[in-house]
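Content type TSV, C-alpha atoms, from the file input_13.tsv:
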```
chain	number	residue	atom	x	y	z
A	6	MET	CA	-37.49	173.50	147.40
A	7	SER	CA	-35.75	174.54	150.60
A	8	THR	CA	-32.27	175.72	151.35
A	9	HIS	CA	-30.96	172.43	152.68
A	10	ALA	CA	-33.65	169.83	152.11
A	11	CYS	CA	-32.37	168.89	148.66
A	12	VAL	CA	-28.90	170.20	147.89
A	13	LEU	CA	-27.51	168.77	144.65
A	14	THR	CA	-23.80	168.49	143.97
A	15	THR	CA	-22.20	168.76	140.56
A	16	ALA	CA	-18.88	167.67	139.19
A	17	THR	CA	-16.17	170.23	138.48
A	18	PHE	CA	-14.02	171.02	135.47
A	19	ASP	CA	-10.69	169.30	135.05
A	20	THR	CA	-8.42	171.29	132.74
A	21	SER	CA	-5.34	169.15	133.34
A	22	PRO	CA	-3.67	167.57	130.30
A	23	SER	CA	-4.59	164.06	131.41
A	24	THR	CA	-6.79	162.15	129.00
A	25	ASP	CA	-8.52	160.32	131.83
A	26	VAL	CA	-11.83	161.95	132.64
A	27	PRO	CA	-12.53	161.93	136.39
A	28	VAL	CA	-16.00	160.87	137.38
A	29	THR	CA	-17.60	162.38	140.44
A	30	THR	CA	-20.30	160.25	142.05
A	31	ILE	CA	-22.48	161.93	144.63
A	32	ALA	CA	-23.69	159.41	147.16
A	33	ARG	CA	-26.49	159.74	149.67
A	34	PRO	CA	-27.74	157.12	152.18
A	35	SER	CA	-31.06	155.71	151.08
A	36	LEU	CA	-34.10	156.07	153.33
A	37	ALA	CA	-36.52	153.20	153.99
A	38	LEU	CA	-40.04	154.54	153.38
A	39	ALA	CA	-43.10	152.88	154.87
A	40	PRO	CA	-45.37	151.17	152.33
A	41	LEU	CA	-47.71	153.66	150.67
A	42	PRO	CA	-50.99	153.11	148.84
A	43	PRO	CA	-50.50	153.13	145.06
A	44	LEU	CA	-51.19	156.44	143.33
A	45	GLU	CA	-50.94	156.96	139.60
A	46	THR	CA	-49.44	160.28	138.51
A	47	SER	CA	-52.14	160.51	135.86
A	48	SER	CA	-54.83	160.74	138.56
A	49	PHE	CA	-53.20	163.93	139.84
A	50	LEU	CA	-53.02	165.43	136.34
A	51	VAL	CA	-56.61	164.52	135.53
A	52	GLY	CA	-57.93	165.62	138.92
A	53	SER	CA	-55.99	168.88	139.09
A	54	PHE	CA	-56.08	170.02	135.47
A	55	GLY	CA	-59.03	168.13	134.02
A	56	LEU	CA	-56.80	166.49	131.40
A	57	THR	CA	-57.98	163.62	129.25
A	58	ALA	CA	-56.46	162.03	126.20
A	59	ALA	CA	-58.84	164.00	124.00
A	60	SER	CA	-58.74	167.31	125.85
A	61	SER	CA	-55.39	168.54	124.51
A	62	SER	CA	-52.03	167.44	123.19
A	63	LEU	CA	-49.17	167.42	125.69
A	64	PRO	CA	-47.32	170.40	124.11
A	65	GLU	CA	-50.57	172.42	124.16
A	66	THR	CA	-51.10	171.44	127.77
A	67	ILE	CA	-47.58	172.56	128.74
A	68	ASN	CA	-48.01	175.89	126.96
A	69	SER	CA	-51.31	176.49	128.75
A	70	LEU	CA	-49.87	176.06	132.26
A	71	ASP	CA	-49.32	179.82	132.52
A	72	GLU	CA	-53.12	180.19	132.41
A	73	VAL	CA	-53.60	178.14	135.59
A	74	GLN	CA	-54.79	180.24	138.53
A	75	GLY	CA	-55.39	179.32	142.12
A	76	THR	CA	-53.68	177.87	145.17
A	77	LEU	CA	-51.87	174.70	146.16
A	78	THR	CA	-51.90	174.14	149.92
A	79	LEU	CA	-49.46	171.86	151.75
A	80	SER	CA	-50.27	170.65	155.26
A	81	GLY	CA	-49.58	167.44	157.17
A	82	GLY	CA	-48.35	165.57	154.13
A	83	LEU	CA	-51.43	166.47	152.08
A	84	LEU	CA	-51.63	168.57	148.91
A	85	THR	CA	-54.93	170.39	148.39
A	86	THR	CA	-55.69	172.03	145.05
A	87	ASP	CA	-58.03	174.96	144.42
A	88	LEU	CA	-57.37	175.74	140.78
A	89	VAL	CA	-59.02	177.14	137.67
A	90	THR	CA	-57.42	175.82	134.47
A	91	PRO	CA	-58.16	175.95	130.74
A	92	PHE	CA	-59.39	172.37	131.13
A	93	GLY	CA	-61.65	172.85	134.12
A	94	SER	CA	-61.48	173.53	137.85
A	95	SER	CA	-59.88	171.39	140.55
A	96	GLN	CA	-60.68	171.09	144.23
A	97	GLU	CA	-58.92	167.89	145.27
A	98	THR	CA	-56.74	166.56	148.09
A	99	TYR	CA	-53.78	164.20	147.50
A	100	ASP	CA	-51.35	162.25	149.63
A	101	LEU	CA	-48.21	164.27	148.83
A	102	VAL	CA	-45.75	161.53	149.85
A	103	ALA	CA	-47.57	158.95	147.72
A	104	LEU	CA	-47.73	161.34	144.76
A	105	ALA	CA	-44.02	162.19	144.98
A	106	THR	CA	-43.13	158.51	145.37
A	107	ASP	CA	-45.10	157.68	142.22
A	108	LEU	CA	-43.31	160.43	140.30
A	109	ASN	CA	-39.97	159.15	141.56
A	110	GLU	CA	-40.75	155.60	140.47
A	111	THR	CA	-41.70	156.87	137.02
A	112	PHE	CA	-38.41	158.77	136.81
A	113	GLN	CA	-36.45	155.63	137.77
A	114	GLY	CA	-37.93	153.87	134.75
A	115	ILE	CA	-36.74	156.47	132.23
A	116	SER	CA	-33.59	155.68	130.27
A	117	GLY	CA	-31.76	157.08	127.27
A	118	SER	CA	-29.12	159.56	126.22
A	119	LEU	CA	-28.67	162.92	124.50
A	120	THR	CA	-25.71	163.84	122.33
A	121	LEU	CA	-24.65	167.50	122.56
A	122	SER	CA	-23.15	169.52	119.73
A	123	SER	CA	-23.25	173.22	118.77
A	124	GLY	CA	-25.73	174.00	121.55
A	125	LEU	CA	-28.20	171.36	120.33
A	126	ALA	CA	-29.20	168.01	121.85
A	127	SER	CA	-30.34	164.92	119.96
A	128	GLY	CA	-30.99	161.41	121.23
A	129	ASN	CA	-33.57	159.00	122.54
A	130	LEU	CA	-35.58	158.43	125.73
A	131	ILE	CA	-37.41	155.27	126.78
A	132	VAL	CA	-40.41	155.98	129.02
A	133	GLU	CA	-42.48	153.05	130.32
A	134	GLY	CA	-41.29	150.84	127.48
A	135	GLU	CA	-41.93	153.34	124.71
A	136	GLU	CA	-39.02	154.96	122.86
A	137	PHE	CA	-39.02	158.64	121.90
A	138	VAL	CA	-36.48	160.31	119.64
A	139	ALA	CA	-35.48	163.97	120.05
A	140	THR	CA	-33.60	166.01	117.44
A	141	ASP	CA	-31.91	169.41	117.68
A	142	PHE	CA	-33.32	170.56	121.04
A	143	GLU	CA	-31.78	173.97	121.91
A	144	PHE	CA	-30.46	173.00	125.34
A	145	ALA	CA	-27.71	175.67	125.52
A	146	SER	CA	-30.10	178.59	125.24
A	147	LEU	CA	-32.56	177.06	127.73
A	148	ILE	CA	-29.88	176.44	130.39
A	149	SER	CA	-28.14	179.81	129.97
A	150	ASN	CA	-31.49	181.58	130.13
A	151	PHE	CA	-32.42	179.71	133.31
A	152	VAL	CA	-29.12	180.62	135.02
A	153	SER	CA	-29.53	184.26	133.98
A	154	ASP	CA	-33.06	184.35	135.37
A	155	PHE	CA	-31.90	182.77	138.61
A	156	LEU	CA	-29.15	185.40	139.00
A	157	SER	CA	-31.81	188.06	138.43
A	158	THR	CA	-33.42	186.96	141.70
A	159	LEU	CA	-30.34	188.11	143.68
A	160	ASP	CA	-31.29	191.16	145.72
A	161	GLY	CA	-28.96	192.93	148.14
A	162	THR	CA	-25.60	194.63	148.66
A	163	VAL	CA	-22.32	192.75	148.98
A	164	PRO	CA	-18.71	193.85	149.58
A	165	PHE	CA	-16.12	193.89	146.76
A	166	ALA	CA	-12.36	193.50	147.21
A	167	ASN	CA	-9.46	191.89	145.32
A	168	GLY	CA	-11.64	191.55	142.24
A	169	GLN	CA	-14.21	189.41	144.04
A	170	LEU	CA	-17.70	189.75	145.44
A	171	ALA	CA	-18.37	188.04	148.76
A	172	ILE	CA	-21.90	186.68	148.18
A	173	ASP	CA	-24.39	185.88	150.93
A	174	LEU	CA	-27.82	186.68	149.51
A	175	PRO	CA	-31.33	185.22	149.79
A	176	THR	CA	-33.31	184.05	146.75
A	177	PRO	CA	-36.84	182.60	146.49
A	178	PHE	CA	-35.22	179.14	146.55
A	179	GLY	CA	-32.80	179.64	149.45
A	180	ASP	CA	-29.51	181.40	150.22
A	181	VAL	CA	-26.65	181.78	147.76
A	182	GLU	CA	-23.17	181.94	149.32
A	183	GLY	CA	-19.62	182.12	147.97
A	184	THR	CA	-17.63	184.39	145.66
A	185	ILE	CA	-17.98	185.86	142.17
A	186	GLY	CA	-14.84	187.29	140.61
A	187	PHE	CA	-14.62	189.53	137.54
A	188	GLY	CA	-11.32	191.34	138.01
A	189	SER	CA	-9.10	189.14	135.84
A	190	GLY	CA	-10.85	189.23	132.48
A	191	ALA	CA	-13.03	186.26	133.35
A	192	LEU	CA	-16.17	185.52	135.30
A	193	VAL	CA	-15.03	183.18	138.09
A	194	VAL	CA	-17.94	181.70	140.04
A	195	ASN	CA	-17.67	179.65	143.25
A	196	LEU	CA	-21.12	179.55	144.79
A	197	ASP	CA	-23.21	177.26	146.95
A	198	THR	CA	-26.81	177.52	145.71
A	199	PRO	CA	-30.06	175.79	146.71
A	200	PHE	CA	-29.79	173.65	143.56
A	201	ALA	CA	-26.11	172.76	143.34
A	202	PRO	CA	-22.62	174.23	143.75
A	203	LEU	CA	-21.66	176.44	140.80
A	204	ASN	CA	-17.93	176.36	140.09
A	205	PHE	CA	-16.73	177.62	136.73
A	206	SER	CA	-14.67	180.26	134.93
A	207	LEU	CA	-15.72	181.92	131.67
A	208	ASP	CA	-13.76	184.55	129.73
A	209	PHE	CA	-15.67	187.77	129.10
A	210	PRO	CA	-16.21	188.61	125.40
A	211	ASP	CA	-14.22	191.53	123.95
A	212	ASP	CA	-17.32	193.73	123.82
A	213	ALA	CA	-18.00	193.45	127.57
A	214	GLN	CA	-17.29	197.17	128.03
A	215	PHE	CA	-19.34	199.87	129.76
A	216	THR	CA	-18.76	203.64	129.65
A	217	PHE	CA	-19.34	205.79	132.72
A	218	PRO	CA	-18.31	209.29	133.89
A	219	ILE	CA	-15.58	210.05	136.45
A	220	PRO	CA	-16.49	213.56	137.67
A	221	GLN	CA	-13.28	213.93	139.69
A	222	LEU	CA	-11.20	213.60	136.53
A	223	GLY	CA	-13.62	215.42	134.23
A	224	THR	CA	-13.73	212.58	131.71
A	225	ASP	CA	-15.47	209.34	130.84
A	226	ALA	CA	-13.97	205.95	131.53
A	227	ILE	CA	-14.56	202.40	130.36
A	228	LEU	CA	-15.22	199.45	132.62
A	229	ASN	CA	-13.55	196.77	130.49
A	230	LEU	CA	-14.46	193.35	131.88
A	231	ALA	CA	-12.53	191.60	129.11
A	232	THR	CA	-9.22	193.11	130.30
A	233	GLY	CA	-10.13	193.45	133.97
A	234	GLN	CA	-9.41	197.18	133.95
A	235	ILE	CA	-10.88	200.66	134.25
A	236	GLU	CA	-9.57	202.63	131.27
A	237	ALA	CA	-9.67	206.41	130.76
A	238	ASP	CA	-7.96	208.80	128.33
A	239	LEU	CA	-7.34	211.95	130.36
A	240	ILE	CA	-6.15	214.11	127.45
A	241	PRO	CA	-7.15	212.41	124.19
A	242	ILE	CA	-4.96	214.58	121.97
A	243	PHE	CA	-1.79	213.59	123.84
A	244	ALA	CA	-0.29	210.13	123.61
A	245	GLY	CA	0.58	208.55	126.92
A	246	SER	CA	-2.22	210.27	128.85
A	247	GLU	CA	-4.19	207.05	129.34
A	248	LEU	CA	-5.12	206.04	132.88
A	249	VAL	CA	-5.51	202.33	133.65
A	250	ILE	CA	-6.81	201.05	137.01
A	251	PRO	CA	-6.93	197.28	137.61
A	252	ILE	CA	-10.36	196.19	138.84
A	253	ASN	CA	-8.53	194.09	141.45
A	254	ALA	CA	-7.25	197.35	143.01
A	255	LEU	CA	-10.78	198.64	143.72
A	256	THR	CA	-12.76	198.21	146.92
A	257	GLY	CA	-16.35	199.04	147.77
A	258	ASN	CA	-19.82	197.59	147.38
A	259	VAL	CA	-21.98	196.14	144.64
A	260	THR	CA	-25.78	196.15	144.82
A	261	PHE	CA	-27.80	193.57	142.89
A	262	ALA	CA	-31.39	194.14	141.75
A	263	ASP	CA	-33.27	192.57	138.83
A	264	GLY	CA	-30.07	191.28	137.26
A	265	ILE	CA	-28.35	194.67	137.32
A	266	ALA	CA	-25.09	195.14	139.26
A	267	ASN	CA	-24.63	198.67	140.60
A	268	LEU	CA	-20.96	199.30	141.45
A	269	THR	CA	-19.73	201.87	143.96
A	270	LEU	CA	-15.96	201.28	144.08
A	271	GLN	CA	-12.96	203.36	145.07
A	272	SER	CA	-9.29	203.52	144.34
A	273	GLY	CA	-6.62	206.02	145.31
A	274	LEU	CA	-7.32	208.00	142.13
A	275	ALA	CA	-11.06	207.94	141.57
A	276	THR	CA	-14.48	206.65	142.50
A	277	VAL	CA	-16.23	204.26	140.15
A	278	ASP	CA	-20.01	204.61	140.20
A	279	THR	CA	-21.61	202.65	137.38
A	280	GLN	CA	-23.77	199.65	136.58
A	281	PHE	CA	-23.98	196.77	134.11
A	282	ASN	CA	-26.38	193.96	133.32
A	283	PHE	CA	-24.68	191.18	135.24
A	284	ALA	CA	-27.30	188.52	134.46
A	285	ALA	CA	-27.16	189.25	130.73
A	286	GLU	CA	-23.35	189.06	130.66
A	287	VAL	CA	-23.46	185.67	132.38
A	288	GLU	CA	-26.13	184.45	129.96
A	289	GLU	CA	-24.06	185.48	126.92
A	290	SER	CA	-20.86	183.90	128.24
A	291	LEU	CA	-22.59	180.69	129.35
A	292	LEU	CA	-24.41	180.35	126.03
A	293	GLU	CA	-21.12	180.69	124.16
A	294	PHE	CA	-19.50	178.11	126.45
A	295	LEU	CA	-22.32	175.56	126.22
A	296	SER	CA	-22.44	175.93	122.46
A	297	THR	CA	-18.90	174.52	122.30
A	298	ALA	CA	-19.64	171.50	124.53
A	299	THR	CA	-19.72	168.07	122.90
A	300	GLY	CA	-20.44	164.71	124.44
A	301	VAL	CA	-23.24	162.69	125.98
A	302	LEU	CA	-25.80	163.21	128.75
A	303	SER	CA	-27.39	159.99	129.97
A	304	ILE	CA	-30.29	158.99	132.21
A	305	GLY	CA	-30.99	155.58	133.70
A	306	ASN	CA	-31.82	153.87	137.01
A	307	GLY	CA	-32.69	157.22	138.53
A	308	GLU	CA	-29.27	158.72	137.79
A	309	LEU	CA	-28.13	161.54	135.51
A	310	SER	CA	-24.62	161.36	134.10
A	311	ALA	CA	-22.46	163.53	131.86
A	312	ASN	CA	-19.32	162.94	129.82
A	313	LEU	CA	-18.44	166.15	127.99
A	314	GLN	CA	-15.55	167.91	126.31
A	315	THR	CA	-15.51	171.72	126.45
A	316	ASP	CA	-13.16	174.58	125.67
A	317	LEU	CA	-12.24	174.54	129.37
A	318	GLY	CA	-11.46	170.83	129.53
A	319	ALA	CA	-13.26	167.60	130.36
A	320	PHE	CA	-16.41	167.43	132.47
A	321	ALA	CA	-17.81	164.18	133.83
A	322	GLY	CA	-20.10	163.39	136.70
A	323	ILE	CA	-22.96	161.30	138.05
A	324	LEU	CA	-25.95	162.71	139.93
A	325	PRO	CA	-28.15	160.19	141.81
A	326	ALA	CA	-31.26	162.33	141.31
A	327	SER	CA	-33.75	159.67	142.40
A	328	GLU	CA	-31.87	159.04	145.63
A	329	LEU	CA	-31.79	162.75	146.40
A	330	PHE	CA	-35.50	163.01	145.65
A	331	THR	CA	-36.15	160.06	147.97
A	332	ASP	CA	-34.43	161.98	150.79
A	333	LEU	CA	-36.69	164.95	150.06
A	334	ILE	CA	-39.86	162.82	150.04
A	335	ALA	CA	-39.29	161.79	153.65
A	336	THR	CA	-39.45	165.46	154.74
A	337	LEU	CA	-42.58	166.45	152.77
A	338	PRO	CA	-45.00	166.03	155.73
A	339	GLN	CA	-43.03	168.85	157.44
A	340	TYR	CA	-43.87	171.34	154.68
A	341	ALA	CA	-46.78	173.71	155.30
A	342	GLY	CA	-48.07	176.75	153.45
A	343	THR	CA	-49.25	177.79	150.01
A	344	ILE	CA	-48.11	178.10	146.41
A	345	THR	CA	-50.23	180.62	144.50
A	346	LEU	CA	-50.34	180.36	140.69
A	347	ALA	CA	-51.25	183.29	138.43
A	348	GLY	CA	-50.08	184.54	135.06
A	349	GLY	CA	-47.26	182.03	134.72
A	350	SER	CA	-45.80	182.89	138.12
A	351	ALA	CA	-45.73	180.83	141.32
A	352	THR	CA	-45.66	182.75	144.61
A	353	VAL	CA	-44.27	180.53	147.36
A	354	ASP	CA	-44.97	180.96	151.08
A	355	LEU	CA	-43.89	177.77	152.85
A	356	THR	CA	-42.58	176.65	156.20
A	357	THR	CA	-39.99	173.92	155.62
A	358	PRO	CA	-37.76	171.77	157.86
A	359	ASP	CA	-35.01	174.35	157.27
A	360	GLY	CA	-37.00	177.56	157.73
A	361	VAL	CA	-39.33	179.83	155.79
A	362	LEU	CA	-39.25	179.75	151.99
A	363	GLN	CA	-40.81	182.79	150.33
A	364	GLY	CA	-40.58	184.32	146.88
A	365	ALA	CA	-41.91	184.24	143.32
A	366	VAL	CA	-40.83	182.05	140.41
A	367	ASP	CA	-41.65	183.00	136.81
A	368	TYR	CA	-42.10	179.53	135.34
A	369	GLY	CA	-44.12	180.71	132.34
A	370	GLN	CA	-41.05	181.87	130.41
A	371	TYR	CA	-39.77	178.29	130.09
A	372	LEU	CA	-42.96	176.69	128.81
A	373	ASP	CA	-42.39	177.38	125.10
A	374	ALA	CA	-38.96	175.73	125.14
A	375	ILE	CA	-40.22	172.71	127.10
A	376	ALA	CA	-43.26	172.34	124.85
A	377	SER	CA	-41.06	172.56	121.75
A	378	PHE	CA	-38.82	169.79	123.10
A	379	VAL	CA	-41.82	167.56	123.87
A	380	GLU	CA	-43.36	168.32	120.48
A	381	GLY	CA	-40.08	167.33	118.80
A	382	LEU	CA	-40.15	163.88	120.41
A	383	VAL	CA	-41.05	161.23	117.85
A	384	VAL	CA	-42.16	157.73	118.77
A	385	ALA	CA	-39.51	155.37	117.40
```
Go through the file and emit its structure as structure tokens.
Amino acid sequence: MSTHACVLTTATFDTSPSTDVPVTTIARPSLALAPLPPLETSSFLVGSFGLTAASSSLPETINSLDEVQGTLTLSGGLLTTDLVTPFGSSQETYDLVALATDLNETFQGISGSLTLSSGLASGNLIVEGEEFVATDFEFASLISNFVSDFLSTLDGTVPFANGQLAIDLPTPFGDVEGTIGFGSGALVVNLDTPFAPLNFSLDFPDDAQFTFPIPQLGTDAILNLATGQIEADLIPIFAGSELVIPINALTGNVTFADGIANLTLQSGLATVDTQFNFAAEVEESLLEFLSTATGVLSIGNGELSANLQTDLGAFAGILPASELFTDLIATLPQYAGTITLAGGSATVDLTTPDGVLQGAVDYGQYLDAIASFVEGLVVA
């Protein structure tokens, strides 16, 4: 929610020839919380959205969340709802710490695993003693789409040199800092984000090429991300008249807006002034990468773990999600402000322990995929 209140850490790729898969465990000291009055999560859902067992199926409910309008107000550890939903209106006040603690306890009781193959996930989940089976959930497309949408929130101008962007940009979730390289035929990302560090390298596809004019030379050129070069044919009818400029030799600035990267770069021979859909290129490359991943994702005792094989090598890690969430719960009374819901978008204006958090999140675009996954769950 804030820049530093809940920073998750992921494992990194190991492309060494060793057959031993390293496991990264992220540890956090636990916090002792004072006893809280019991609060069932269902009371929040019923009170806020007017849900009953007969009112709607869960997939229908999820798909209708983009129709919710109104405001959630956080102040002094309390959550106050003023909402209009397809199931009725809600004007209620909840103990936010108690509600979050109840959700965390429910999460700790979930166990199961998902097997990944060809971009699909199949497996089982046990929730409060009941087993659900999922088949062929399209996890690769959902994750790559989410990352692309997150990159589309980058807004600002950053310097470019040696084939790398030096990133220090705000997003609705917090600052993103680090480097993004695309001068060597691959997208090389080393970023600290509000969610987790992103550290990976993905080769650009062969068709990652963009044509743009070079007025100084009186010709068009190609920004070829797959080769890491600017390519131009100065006199097409003569062999040997091709001009090649390594992207790593360019310096200048890149401006991000709505997922588009606008490049203004210079070399000793020419100025490059062009743009390409950065978020879409990342989505395509990440989707291709995730579609090759095989292995198992597991959940149990409040932890998420992964043991995967990919084209880039082995990936294994453990994320103590419940412990991280527990750390966040202790800071919730320090949050104040509003979250306004309308048309599948949440506009956030909060004061947090780490500063002001403002921005808009388009959550509506993910509801179909989540509802489809839930609908595909079958009671074993």
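Each of A:Thr158, A:Thr343, A:Thr331, A:Thr256 was checked against A:Leu83 using all atoms listed in the file; the smallest atom-to-atom distance is that of A:Thr343.
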Need the axis-aligned box for stretch 81-96 of chain A with 8 Å each side, so what are the centre and edges in Å to one decimal, as lines of an AutoDock Vina configuration file?
```
center_x = -55.0
center_y = 171.4
center_z = 144.0
size_x = 29.3
size_y = 27.6
size_z = 42.4
```
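Between atom CA of A:Ala139 and atom CA of A:Thr66 the interatomic distance comes to 19.0 Å.
Excluding A:Tyr99 and any residue on its chain fewer than 4 positions from it, the residues at most 8 Å away by all atoms listed in the file are Phe49, Leu83, Leu84, Thr85 and Leu104 of chain A.
Checking A:Val259, A:Ala319, A:Val73, A:Val194 one by one against A:Val163, counting only C-alpha atoms, you find the shortest gap at A:Val259.
Take atom CA of A:Val379 and atom CA of A:Glu133: the distance between them is 15.9 Å.
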Here atom CA of A:Ile131 and atom CA of A:Phe378 stand apart by 15.0 Å
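Shortest atom-to-atom contact with A:Leu174 among A:Ala231, A:Gly117, A:Gly134, A:Thr260: A:Thr260, counting all atoms listed in the file.
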Set the distance at 8 Å and use only C-alpha atoms: which residues neighbour A:Asn267 once local chain neighbours fewer than 2 positions away are removed? I'd like the list as a short mmCIF file (atom, residue, chain, number, x, y, z; two decimals) with C-alpha atoms, in the coordinates of the input.
```cif
data_model
loop_
_atom_site.label_atom_id
_atom_site.label_comp_id
_atom_site.auth_asym_id
_atom_site.auth_seq_id
_atom_site.Cartn_x
_atom_site.Cartn_y
_atom_site.Cartn_z
CA VAL A 259 -21.98 196.14 144.64
CA THR A 260 -25.78 196.15 144.82
CA PHE A 261 -27.80 193.57 142.89
CA ILE A 265 -28.35 194.67 137.32
CA THR A 269 -19.73 201.87 143.96
CA ASP A 278 -20.01 204.61 140.20
CA THR A 279 -21.61 202.65 137.38
CA GLN A 280 -23.77 199.65 136.58
CA PHE A 281 -23.98 196.77 134.11
#
```
Restricting the calculation to all atoms listed in the file, which member of A:Ser69, A:Asn150, A:Thr106, A:Gln314 is positioned closest to A:Thr90? A:Ser69
Which polymer residues have any atom within 6 Å of an atom of stretch 360-367 of chain A, counting all atoms listed in the file, with same-chain residues fewer than 4 positions away left out, as a PyMOL selection string? chain A and resi 177+350-356
Check the smallest atom-to-atom distance from each of A:Thr184, A:Ser116, A:Gln370, A:Asn109 to A:Leu333 using only C-alpha atoms, then report the winner. A:Asn109
Leaving out A:Ser189 and any residue of its chain fewer than 2 positions from it, which residues lie within 8 Å of it when counting only C-alpha atoms, given as a CSV table (one decimal) with C-alpha atoms, in the frame of the given file?
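Once written, part_13.csv looks like this:
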```
chain,number,residue,atom,x,y,z
A,168,GLY,CA,-11.6,191.6,142.2
A,186,GLY,CA,-14.8,187.3,140.6
A,187,PHE,CA,-14.6,189.5,137.5
A,191,ALA,CA,-13.0,186.3,133.4
A,192,LEU,CA,-16.2,185.5,135.3
A,230,LEU,CA,-14.5,193.4,131.9
A,231,ALA,CA,-12.5,191.6,129.1
A,232,THR,CA,-9.2,193.1,130.3
A,233,GLY,CA,-10.1,193.4,134.0
A,252,ILE,CA,-10.4,196.2,138.8
A,253,ASN,CA,-8.5,194.1,141.4
```
Find the residues near A:Ser80: any atom within 8 Å, counting only C-alpha atoms, skip ones fewer than 3 places away on the same chain, and give them as JSON, numbers by chain. {"A": [83, 84, 338, 339, 340, 341, 342]}
